[in-house]
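One file, coords.cif, carrying mmCIF, C-alpha atoms:
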```cif
data_input
loop_
_atom_site.group_PDB
_atom_site.id
_atom_site.type_symbol
_atom_site.label_atom_id
_atom_site.label_comp_id
_atom_site.auth_asym_id
_atom_site.auth_seq_id
_atom_site.Cartn_x
_atom_site.Cartn_y
_atom_site.Cartn_z
ATOM 1 C CA MET A 1120 11.476 -68.161 58.816
ATOM 2 C CA ALA A 1121 7.760 -67.983 57.839
ATOM 3 C CA VAL A 1122 6.539 -64.913 55.982
ATOM 4 C CA PRO A 1123 3.494 -63.418 57.752
ATOM 5 C CA LEU A 1124 0.334 -63.317 55.623
ATOM 6 C CA SER A 1125 -1.022 -59.945 54.661
ATOM 7 C CA PRO A 1126 -4.430 -59.217 56.219
ATOM 8 C CA ALA A 1127 -5.868 -58.502 52.741
ATOM 9 C CA ARG A 1128 -4.638 -61.731 51.073
ATOM 10 C CA PRO A 1129 -7.366 -64.095 52.503
ATOM 11 C CA ALA A 1130 -10.017 -61.639 51.319
ATOM 12 C CA LEU A 1131 -8.555 -61.612 47.824
ATOM 13 C CA VAL A 1132 -8.384 -65.415 47.717
ATOM 14 C CA LEU A 1133 -11.992 -65.630 48.878
ATOM 15 C CA ALA A 1134 -13.115 -63.117 46.252
ATOM 16 C CA ALA A 1135 -11.316 -65.121 43.561
ATOM 17 C CA LEU A 1136 -12.976 -68.375 44.674
ATOM 18 C CA LEU A 1137 -16.427 -66.764 44.744
ATOM 19 C CA GLY A 1138 -15.871 -65.254 41.284
ATOM 20 C CA SER A 1139 -14.827 -68.654 39.941
ATOM 21 C CA CYS A 1140 -17.941 -70.209 41.405
ATOM 22 C CA VAL A 1141 -20.165 -67.575 39.836
ATOM 23 C CA ILE A 1142 -18.534 -68.130 36.446
ATOM 24 C CA LEU A 1143 -18.953 -71.913 36.718
ATOM 25 C CA LEU A 1144 -22.576 -71.550 37.732
ATOM 26 C CA SER A 1145 -23.244 -69.098 34.841
ATOM 27 C CA VAL A 1146 -21.789 -71.625 32.426
ATOM 28 C CA GLN A 1147 -23.906 -74.494 33.840
ATOM 29 C CA VAL A 1148 -27.177 -72.656 34.466
ATOM 30 C CA ARG A 1149 -29.335 -72.534 31.346
ATOM 31 C CA ARG A 1150 -32.087 -70.013 30.718
ATOM 32 C CA SER A 1151 -35.498 -70.828 29.365
ATOM 33 C CA GLY A 1152 -34.355 -70.060 25.838
ATOM 34 C CA GLY A 1153 -31.659 -72.718 26.000
ATOM 35 C CA GLY A 1154 -28.641 -70.470 26.399
ATOM 36 C CA THR A 1155 -26.493 -70.195 29.465
ATOM 37 C CA LEU A 1156 -26.105 -67.114 31.617
ATOM 38 C CA ALA A 1157 -22.464 -66.830 30.591
ATOM 39 C CA GLU A 1158 -23.471 -66.764 26.942
ATOM 40 C CA GLU A 1159 -25.898 -63.929 27.634
ATOM 41 C CA TRP A 1160 -23.190 -62.005 29.456
ATOM 42 C CA LEU A 1161 -20.809 -62.587 26.555
ATOM 43 C CA LEU A 1162 -23.412 -61.425 24.048
ATOM 44 C CA ASP A 1163 -24.123 -58.319 26.110
ATOM 45 C CA ALA A 1164 -20.409 -57.557 26.318
ATOM 46 C CA SER A 1165 -20.047 -58.182 22.563
ATOM 47 C CA SER A 1166 -22.950 -55.904 21.743
ATOM 48 C CA ILE A 1167 -21.404 -53.158 23.851
ATOM 49 C CA LEU A 1168 -18.114 -53.633 22.013
ATOM 50 C CA VAL A 1169 -19.873 -53.622 18.640
ATOM 51 C CA ARG A 1170 -21.813 -50.448 19.509
ATOM 52 C CA GLY A 1171 -18.590 -48.824 20.691
ATOM 53 C CA THR A 1172 -16.763 -49.821 17.506
ATOM 54 C CA THR A 1173 -19.669 -48.559 15.377
ATOM 55 C CA GLY A 1174 -19.713 -45.280 17.290
ATOM 56 C CA ILE A 1175 -15.972 -44.841 16.864
ATOM 57 C CA ARG A 1176 -16.272 -45.609 13.146
ATOM 58 C CA SER A 1177 -19.131 -43.131 12.778
ATOM 59 C CA ALA A 1178 -17.150 -40.467 14.654
ATOM 60 C CA ALA A 1179 -14.122 -41.130 12.457
ATOM 61 C CA THR A 1180 -16.267 -40.861 9.317
ATOM 62 C CA PHE A 1181 -17.781 -37.601 10.594
ATOM 63 C CA VAL A 1182 -14.364 -36.146 11.355
ATOM 64 C CA LYS A 1183 -13.074 -37.274 7.939
ATOM 65 C CA ASP A 1184 -16.059 -35.729 6.148
ATOM 66 C CA ARG A 1185 -15.628 -32.588 8.221
ATOM 67 C CA PHE A 1186 -11.989 -32.246 7.231
ATOM 68 C CA ALA A 1187 -12.875 -33.010 3.600
ATOM 69 C CA SER A 1188 -15.537 -30.276 3.692
ATOM 70 C CA LEU A 1189 -13.057 -27.811 5.186
ATOM 71 C CA ALA A 1190 -10.486 -28.703 2.516
ATOM 72 C CA ALA A 1191 -13.115 -28.263 -0.194
ATOM 73 C CA LEU A 1192 -14.119 -24.907 1.286
ATOM 74 C CA ARG A 1193 -10.495 -23.796 1.407
ATOM 75 C CA THR A 1194 -10.005 -24.823 -2.220
ATOM 76 C CA GLU A 1195 -13.190 -23.044 -3.254
ATOM 77 C CA ASN A 1196 -12.127 -19.988 -1.256
ATOM 78 C CA ASP A 1197 -8.737 -19.957 -3.005
ATOM 79 C CA VAL A 1198 -10.449 -20.232 -6.393
ATOM 80 C CA LEU A 1199 -12.840 -17.399 -5.547
ATOM 81 C CA ARG A 1200 -9.968 -15.252 -4.228
ATOM 82 C CA ALA A 1201 -8.048 -15.837 -7.479
ATOM 83 C CA ARG A 1202 -11.144 -14.904 -9.503
ATOM 84 C CA VAL A 1203 -11.661 -11.751 -7.454
ATOM 85 C CA THR A 1204 -8.013 -10.790 -7.970
ATOM 86 C CA SER A 1205 -8.333 -11.437 -11.699
ATOM 87 C CA LEU A 1206 -11.518 -9.352 -11.871
ATOM 88 C CA GLU A 1207 -9.878 -6.524 -9.925
ATOM 89 C CA ILE A 1208 -6.964 -6.549 -12.383
ATOM 90 C CA ARG A 1209 -9.381 -6.467 -15.316
ATOM 91 C CA LEU A 1210 -11.380 -3.680 -13.687
ATOM 92 C CA HIS A 1211 -8.192 -1.669 -13.144
ATOM 93 C CA ALA A 1212 -7.197 -2.264 -16.779
ATOM 94 C CA LEU A 1213 -10.657 -1.168 -17.964
ATOM 95 C CA ARG A 1214 -10.461 1.975 -15.848
ATOM 96 C CA GLU A 1215 -7.018 2.762 -17.255
ATOM 97 C CA ALA A 1216 -8.329 2.113 -20.764
ATOM 98 C CA GLY A 1217 -11.241 4.462 -20.070
ATOM 99 C CA LEU A 1218 -8.886 7.166 -18.810
ATOM 100 C CA ASP A 1219 -6.655 6.693 -21.860
ATOM 101 C CA ARG A 1220 -9.691 6.954 -24.109
ATOM 102 C CA ASP A 1221 -10.732 10.211 -22.448
ATOM 103 C CA ARG A 1222 -7.171 11.568 -22.743
ATOM 104 C CA LEU A 1223 -7.021 10.550 -26.392
ATOM 105 C CA VAL A 1224 -10.366 12.241 -27.083
ATOM 106 C CA ARG A 1225 -9.093 15.433 -25.464
ATOM 107 C CA LEU A 1226 -5.819 15.131 -27.363
ATOM 108 C CA LEU A 1227 -7.678 14.711 -30.643
ATOM 109 C CA GLY A 1228 -9.812 17.690 -29.691
ATOM 110 C CA ALA A 1229 -6.676 19.768 -29.132
ATOM 111 C CA ILE A 1230 -5.042 18.476 -32.344
ATOM 112 C CA PRO A 1231 -7.908 17.570 -34.678
ATOM 113 C CA SER A 1232 -5.706 16.981 -37.760
ATOM 114 C CA PRO A 1233 -2.418 15.340 -36.753
ATOM 115 C CA PRO A 1234 0.020 14.617 -39.584
ATOM 116 C CA GLU A 1235 -0.088 11.265 -41.326
ATOM 117 C CA GLY A 1236 2.115 8.790 -39.489
ATOM 118 C CA THR A 1237 1.402 10.242 -36.032
ATOM 119 C CA ARG A 1238 1.619 7.660 -33.254
ATOM 120 C CA PRO A 1239 0.197 7.765 -29.709
ATOM 121 C CA ALA A 1240 2.565 6.998 -26.850
ATOM 122 C CA ARG A 1241 2.751 7.229 -23.096
ATOM 123 C CA ILE A 1242 5.345 9.079 -21.019
ATOM 124 C CA VAL A 1243 6.526 6.567 -18.431
ATOM 125 C CA VAL A 1244 9.184 8.619 -16.639
ATOM 126 C CA VAL A 1245 10.633 12.128 -16.640
ATOM 127 C CA GLU A 1246 14.370 12.332 -15.962
ATOM 128 C CA THR A 1247 16.285 15.350 -14.673
ATOM 129 C CA ALA A 1248 20.072 15.392 -14.549
ATOM 130 C CA GLY A 1249 21.324 18.906 -13.899
ATOM 131 C CA PRO A 1250 20.467 21.045 -16.941
ATOM 132 C CA PHE A 1251 19.351 18.026 -18.969
ATOM 133 C CA GLN A 1252 15.606 17.416 -19.097
ATOM 134 C CA THR A 1253 14.393 14.238 -20.811
ATOM 135 C CA ALA A 1254 11.468 11.817 -20.775
ATOM 136 C CA LEU A 1255 11.012 8.169 -21.752
ATOM 137 C CA LEU A 1256 8.205 6.857 -23.944
ATOM 138 C CA ASP A 1257 6.766 3.343 -23.904
ATOM 139 C CA ARG A 1258 6.879 3.081 -27.713
ATOM 140 C CA GLY A 1259 9.807 2.808 -30.114
ATOM 141 C CA ARG A 1260 10.852 1.836 -33.622
ATOM 142 C CA ALA A 1261 8.613 -1.235 -33.613
ATOM 143 C CA ASP A 1262 5.674 1.163 -33.190
ATOM 144 C CA GLY A 1263 6.763 3.576 -35.926
ATOM 145 C CA ILE A 1264 8.521 6.123 -33.697
ATOM 146 C CA VAL A 1265 11.893 7.371 -34.960
ATOM 147 C CA PRO A 1266 14.315 10.117 -33.896
ATOM 148 C CA GLY A 1267 13.312 13.614 -34.948
ATOM 149 C CA GLY A 1268 9.592 13.266 -34.247
ATOM 150 C CA ALA A 1269 7.868 16.086 -32.360
ATOM 151 C CA VAL A 1270 6.153 15.060 -29.102
ATOM 152 C CA VAL A 1271 2.909 16.926 -28.488
ATOM 153 C CA GLY A 1272 0.557 16.786 -25.532
ATOM 154 C CA GLU A 1273 -2.942 18.051 -24.974
ATOM 155 C CA ALA A 1274 -1.666 21.429 -23.764
ATOM 156 C CA GLY A 1275 1.081 21.924 -26.362
ATOM 157 C CA LEU A 1276 4.576 20.988 -27.472
ATOM 158 C CA LEU A 1277 6.742 18.904 -25.142
ATOM 159 C CA GLY A 1278 9.924 18.249 -27.123
ATOM 160 C CA ARG A 1279 11.384 15.929 -29.732
ATOM 161 C CA VAL A 1280 12.524 12.309 -29.952
ATOM 162 C CA VAL A 1281 16.322 12.135 -29.892
ATOM 163 C CA ALA A 1282 16.791 8.355 -29.612
ATOM 164 C CA ALA A 1283 14.586 5.337 -30.258
ATOM 165 C CA GLY A 1284 14.922 1.675 -29.413
ATOM 166 C CA GLU A 1285 12.645 -1.149 -30.433
ATOM 167 C CA ARG A 1286 10.193 -0.622 -27.550
ATOM 168 C CA GLY A 1287 11.131 2.757 -26.102
ATOM 169 C CA ALA A 1288 12.250 6.248 -27.035
ATOM 170 C CA ARG A 1289 13.964 9.187 -25.337
ATOM 171 C CA VAL A 1290 12.552 12.689 -25.625
ATOM 172 C CA GLN A 1291 14.518 15.916 -25.228
ATOM 173 C CA LEU A 1292 12.136 18.293 -23.460
ATOM 174 C CA LEU A 1293 11.857 21.963 -24.388
ATOM 175 C CA SER A 1294 13.287 22.895 -20.985
ATOM 176 C CA ASP A 1295 16.554 21.022 -21.638
ATOM 177 C CA ARG A 1296 19.455 23.477 -21.578
ATOM 178 C CA THR A 1297 20.703 22.253 -24.967
ATOM 179 C CA ALA A 1298 17.275 22.463 -26.661
ATOM 180 C CA ALA A 1299 16.529 25.290 -29.121
ATOM 181 C CA THR A 1300 13.284 25.961 -30.981
ATOM 182 C CA GLY A 1301 12.398 28.429 -33.718
ATOM 183 C CA THR A 1302 9.371 30.361 -32.457
ATOM 184 C CA LEU A 1303 6.952 33.066 -33.421
ATOM 185 C CA LEU A 1304 4.909 35.614 -31.463
ATOM 186 C CA PRO A 1305 1.544 35.509 -33.282
ATOM 187 C CA ARG A 1306 0.341 38.877 -31.915
ATOM 188 C CA THR A 1307 3.144 40.802 -33.621
ATOM 189 C CA GLY A 1308 4.669 38.249 -35.991
ATOM 190 C CA ARG A 1309 8.027 38.611 -34.248
ATOM 191 C CA ALA A 1310 10.403 35.656 -34.724
ATOM 192 C CA ALA A 1311 12.659 34.437 -31.931
ATOM 193 C CA VAL A 1312 14.567 31.441 -30.655
ATOM 194 C CA ALA A 1313 13.423 29.624 -27.516
ATOM 195 C CA ARG A 1314 16.119 27.932 -25.433
ATOM 196 C CA GLY A 1315 15.597 25.670 -22.450
ATOM 197 C CA ASP A 1316 16.472 27.104 -19.068
ATOM 198 C CA GLY A 1317 17.553 23.746 -17.618
ATOM 199 C CA ALA A 1318 14.721 23.813 -15.090
ATOM 200 C CA SER A 1319 11.110 23.789 -16.193
ATOM 201 C CA GLY A 1320 10.758 26.534 -18.785
ATOM 202 C CA VAL A 1321 12.326 28.282 -21.755
ATOM 203 C CA SER A 1322 13.446 31.817 -22.582
ATOM 204 C CA LEU A 1323 13.216 33.761 -25.818
ATOM 205 C CA GLN A 1324 16.432 35.099 -27.271
ATOM 206 C CA TYR A 1325 17.353 37.674 -29.904
ATOM 207 C CA VAL A 1326 14.262 39.830 -29.418
ATOM 208 C CA PRO A 1327 15.313 43.521 -29.692
ATOM 209 C CA ALA A 1328 14.753 45.732 -26.681
ATOM 210 C CA ILE A 1329 12.514 48.014 -28.762
ATOM 211 C CA ALA A 1330 10.223 45.144 -29.835
ATOM 212 C CA ASP A 1331 6.534 45.162 -28.963
ATOM 213 C CA VAL A 1332 6.353 42.334 -26.409
ATOM 214 C CA ALA A 1333 4.000 41.951 -23.452
ATOM 215 C CA VAL A 1334 3.466 39.560 -20.581
ATOM 216 C CA ASP A 1335 1.143 36.677 -21.508
ATOM 217 C CA ASP A 1336 1.963 36.907 -25.214
ATOM 218 C CA GLU A 1337 1.580 33.532 -26.860
ATOM 219 C CA VAL A 1338 4.639 31.721 -28.242
ATOM 220 C CA VAL A 1339 4.271 29.097 -30.987
ATOM 221 C CA THR A 1340 6.653 27.164 -33.207
ATOM 222 C CA ALA A 1341 7.673 28.985 -36.379
ATOM 223 C CA GLY A 1342 8.367 25.888 -38.483
ATOM 224 C CA THR A 1343 11.687 27.323 -39.651
ATOM 225 C CA ASP A 1344 14.100 25.126 -37.688
ATOM 226 C CA GLY A 1345 13.458 21.939 -39.643
ATOM 227 C CA ILE A 1346 12.524 20.158 -36.413
ATOM 228 C CA TYR A 1347 9.015 21.212 -35.414
ATOM 229 C CA PRO A 1348 5.989 21.920 -37.608
ATOM 230 C CA ARG A 1349 4.514 25.395 -37.494
ATOM 231 C CA GLY A 1350 1.853 26.575 -35.055
ATOM 232 C CA LEU A 1351 2.430 24.268 -32.062
ATOM 233 C CA LEU A 1352 1.911 26.059 -28.774
ATOM 234 C CA VAL A 1353 5.129 26.473 -26.774
ATOM 235 C CA GLY A 1354 3.890 28.659 -23.928
ATOM 236 C CA ARG A 1355 3.364 32.241 -22.814
ATOM 237 C CA ILE A 1356 5.760 35.013 -21.846
ATOM 238 C CA SER A 1357 5.825 35.297 -18.063
ATOM 239 C CA ALA A 1358 7.933 38.487 -17.740
ATOM 240 C CA VAL A 1359 9.480 41.231 -19.876
ATOM 241 C CA ARG A 1360 12.846 42.523 -18.706
ATOM 242 C CA ARG A 1361 14.845 45.254 -20.453
ATOM 243 C CA PRO A 1362 18.467 45.098 -19.265
ATOM 244 C CA SER A 1363 20.235 48.438 -19.623
ATOM 245 C CA SER A 1364 23.418 46.811 -20.886
ATOM 246 C CA SER A 1365 21.853 44.593 -23.559
ATOM 247 C CA LEU A 1366 20.272 45.161 -26.948
ATOM 248 C CA PHE A 1367 17.888 42.249 -26.405
ATOM 249 C CA LEU A 1368 15.036 41.590 -24.008
ATOM 250 C CA GLU A 1369 15.034 38.921 -21.337
ATOM 251 C CA LEU A 1370 11.836 36.977 -21.943
ATOM 252 C CA PRO A 1371 11.205 33.933 -19.721
ATOM 253 C CA VAL A 1372 8.413 31.701 -21.003
ATOM 254 C CA THR A 1373 6.193 29.371 -19.048
ATOM 255 C CA VAL A 1374 5.806 26.257 -21.187
ATOM 256 C CA ALA A 1375 2.245 25.178 -21.876
ATOM 257 C CA ALA A 1376 2.672 21.421 -21.556
ATOM 258 C CA ASP A 1377 3.868 19.848 -18.328
ATOM 259 C CA PRO A 1378 5.471 16.424 -18.978
ATOM 260 C CA MET A 1379 4.493 15.317 -15.476
ATOM 261 C CA ARG A 1380 0.822 15.763 -16.392
ATOM 262 C CA GLU A 1381 0.814 14.796 -20.065
ATOM 263 C CA THR A 1382 0.725 11.017 -19.678
ATOM 264 C CA LEU A 1383 -0.641 10.368 -23.173
ATOM 265 C CA VAL A 1384 0.996 12.159 -26.125
ATOM 266 C CA PHE A 1385 1.203 12.231 -29.905
ATOM 267 C CA VAL A 1386 4.515 11.668 -31.664
ATOM 268 C CA PHE A 1387 4.556 13.378 -35.056
ATOM 269 C CA PRO A 1388 6.759 11.984 -37.826
ATOM 270 C CA PRO A 1389 9.964 13.950 -38.476
ATOM 271 C CA VAL A 1390 9.517 17.081 -40.577
ATOM 272 C CA ARG A 1391 10.487 16.470 -44.207
ATOM 273 C CA PRO A 1392 12.276 19.221 -46.111
ATOM 274 C CA ASP A 1393 9.768 18.962 -48.957
ATOM 275 C CA VAL A 1394 6.757 19.604 -46.686
ATOM 276 C CA PRO A 1395 6.235 23.333 -46.205
ATOM 277 C CA ALA A 1396 5.156 25.032 -42.976
ATOM 278 C CA SER A 1397 3.534 22.177 -41.065
ATOM 279 C CA ALA A 1398 3.670 18.391 -41.099
ATOM 280 C CA SER A 1399 0.020 18.131 -42.101
ATOM 281 C CA GLY A 1400 0.291 20.507 -45.038
ATOM 282 C CA SER A 1401 -1.543 23.344 -43.287
ATOM 283 C CA PRO A 1402 -0.740 25.435 -40.215
ATOM 284 C CA ILE A 1403 -1.621 23.808 -36.908
ATOM 285 C CA PRO A 1404 -3.457 26.475 -34.917
ATOM 286 C CA ALA A 1405 -2.282 27.108 -31.397
ATOM 287 C CA GLN A 1406 -4.899 26.355 -28.787
ATOM 288 C CA PRO A 1407 -6.290 29.400 -26.981
ATOM 289 C CA SER A 1408 -5.776 29.449 -23.260
ATOM 290 C CA PRO A 1409 -8.918 29.109 -21.104
#
```

Let me see the structure of the file written as structure tokens.
Amino acid sequence: MAVPLSPARPALVLAALLGSCVILLSVQVRRSGGGTLAEEWLLDASSILVRGTTGIRSAATFVKDRFASLAALRTENDVLRARVTSLEIRLHALREAGLDRDRLVRLLGAIPSPPEGTRPARIVVVETAGPFQTALLDRGRADGIVPGGAVVGEAGLLGRVVAAGERGARVQLLSDRTAATGTLLPRTGRAAVARGDGASGVSLQYVPAIADVAVDDEVVTAGTDGIYPRGLLVGRISAVRRPSSSLFLELPVTVAADPMRETLVFVFPPVRPDVPASASGSPIPAQPSP
């Protein structure tokens, strides 16, 4: 059984024959320059291919250079960001150094003649555990700080070093419930003992009810306890209470130096038994309140 021809097949065959004829004629027909028409067509097609290849290569080179430039910019940006970070760290360190310098100048102004062997230190943390009030310093034995040294801030006495490691030391604050300090009331010359209240202050003990004591009287170290040199400001009496059933006054004292504010301090060397009165050989005057 014969397969019927598709109506489009004769047209396709005719188009193929005509195309073959055109190709044969283009190969046989020569131009005035000596080349055939087919050669010219081939050259034109080759030139188009060459131009396309050149364009693609140029585009690829452009894209490559573009990505290389972006990578270089990213690298440069990372370098600049690292430099900015480094400069910010240095600026912060310089600002901290400037603040420390100002604090040290004020501290030296408050204590113009510290004892020989005095070391500067920084309070890094204040710890409260019930009635126990302590602070940690960022200096220790490697920096010349040993147990027994008095810790003094710009505003007055803070406490004493009770333990020292190589790079740190623990301070018992005046407000610690177990802390006791021999004190003196300069206005009247009355001696007393200051004990920590376990909170943020101290109270004077063993002051007779008939003693001449007034609110805002200054309290300084007496230098008789073998711990603190004489004349360091402890604080001021905040109230005078005369209990009817006691022979002694109740005298709460507001301490002068706040460990939360005294970031930079002096640590005096421990008091030696052979050094009278004060660690520097002369009384350390208490600073007048503003």

**Nearby residues (only C-alpha atoms) at most 9 Å from Gly1263 of chain A, same-chain spacing under 2 positions excluded, as a ChimeraX atom specification** = /A:1236-1238,1258-1261,1265,1388

**Message:** Can you translate the PyMOL selection byres ((chain A and resi 1352) around 12) into the concrete residues it hits in this file, as a PyMOL selection string?
**Reply:** chain A and resi 1229-1230+1270-1278+1293+1300-1305+1336-1342+1347-1351+1353-1356+1372-1376+1402-1408

Please identify all polymer residues within 12 Å of Gly1249 of chain A, counting only C-alpha atoms, omitting same-chain residues fewer than 5 positions from it, and present them as a short mmCIF file (atom, residue, chain, number, x, y, z; two decimals) with C-alpha atoms, in the frame of the given file.
```
data_model
loop_
_atom_site.label_atom_id
_atom_site.label_comp_id
_atom_site.auth_asym_id
_atom_site.auth_seq_id
_atom_site.Cartn_x
_atom_site.Cartn_y
_atom_site.Cartn_z
CA SER A 1294 13.29 22.90 -20.98
CA ASP A 1295 16.55 21.02 -21.64
CA ARG A 1296 19.45 23.48 -21.58
CA THR A 1297 20.70 22.25 -24.97
CA ASP A 1316 16.47 27.10 -19.07
CA GLY A 1317 17.55 23.75 -17.62
CA ALA A 1318 14.72 23.81 -15.09
CA SER A 1319 11.11 23.79 -16.19
#
```

**Item:** Atom pair atom CA of Ile1208 of chain A / atom CA of Arg1286 of chain A: separation (Å)
**Value:**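 Computing the Euclidean distance for atom CA of Ile1208 of chain A and atom CA of Arg1286 of chain A yields 23.7 Å.
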
**Request:** Write out as a PyMOL selection string which residues come within 6 Å of segment 1253-1257 of chain A when counting all atoms listed in the file, dropping same-chain ones fewer than 2 positions away.
**Result:** chain A and resi 1241-1246+1287-1292

**Fill in**
What separates atom CA of Ala1248 of chain A and atom CA of Pro1378 of chain A is a distance of 15.3 Å

**Request:** Tell me, as a PyMOL selection string, which residues lie within 10 Å of segment 1326-1330 of chain A, counting only C-alpha atoms; anything in the same chain fewer than 2 positions away does not count.
**Result:** chain A and resi 1307+1309-1312+1323-1324+1332-1333+1359-1363+1365-1370

Serialized selection, C-alpha atoms, as a PDB file, keeping the file's coordinate frame:
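Written file, out-v9.pdb:
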```pdb
ATOM      1  CA  THR A1307       3.144  40.802 -33.621  1.00  0.00           C
ATOM      2  CA  ARG A1309       8.027  38.611 -34.248  1.00  0.00           C
ATOM      3  CA  ALA A1310      10.403  35.656 -34.724  1.00  0.00           C
ATOM      4  CA  ALA A1311      12.659  34.437 -31.931  1.00  0.00           C
ATOM      5  CA  VAL A1312      14.567  31.441 -30.655  1.00  0.00           C
ATOM      6  CA  LEU A1323      13.216  33.761 -25.818  1.00  0.00           C
ATOM      7  CA  GLN A1324      16.432  35.099 -27.271  1.00  0.00           C
ATOM      8  CA  VAL A1332       6.353  42.334 -26.409  1.00  0.00           C
ATOM      9  CA  ALA A1333       4.000  41.951 -23.452  1.00  0.00           C
ATOM     10  CA  VAL A1359       9.480  41.231 -19.876  1.00  0.00           C
ATOM     11  CA  ARG A1360      12.846  42.523 -18.706  1.00  0.00           C
ATOM     12  CA  ARG A1361      14.845  45.254 -20.453  1.00  0.00           C
ATOM     13  CA  PRO A1362      18.467  45.098 -19.265  1.00  0.00           C
ATOM     14  CA  SER A1363      20.235  48.438 -19.623  1.00  0.00           C
ATOM     15  CA  SER A1365      21.853  44.593 -23.559  1.00  0.00           C
ATOM     16  CA  LEU A1366      20.272  45.161 -26.948  1.00  0.00           C
ATOM     17  CA  PHE A1367      17.888  42.249 -26.405  1.00  0.00           C
ATOM     18  CA  LEU A1368      15.036  41.590 -24.008  1.00  0.00           C
ATOM     19  CA  GLU A1369      15.034  38.921 -21.337  1.00  0.00           C
ATOM     20  CA  LEU A1370      11.836  36.977 -21.943  1.00  0.00           C
TER      21      LEU A1370
END
```
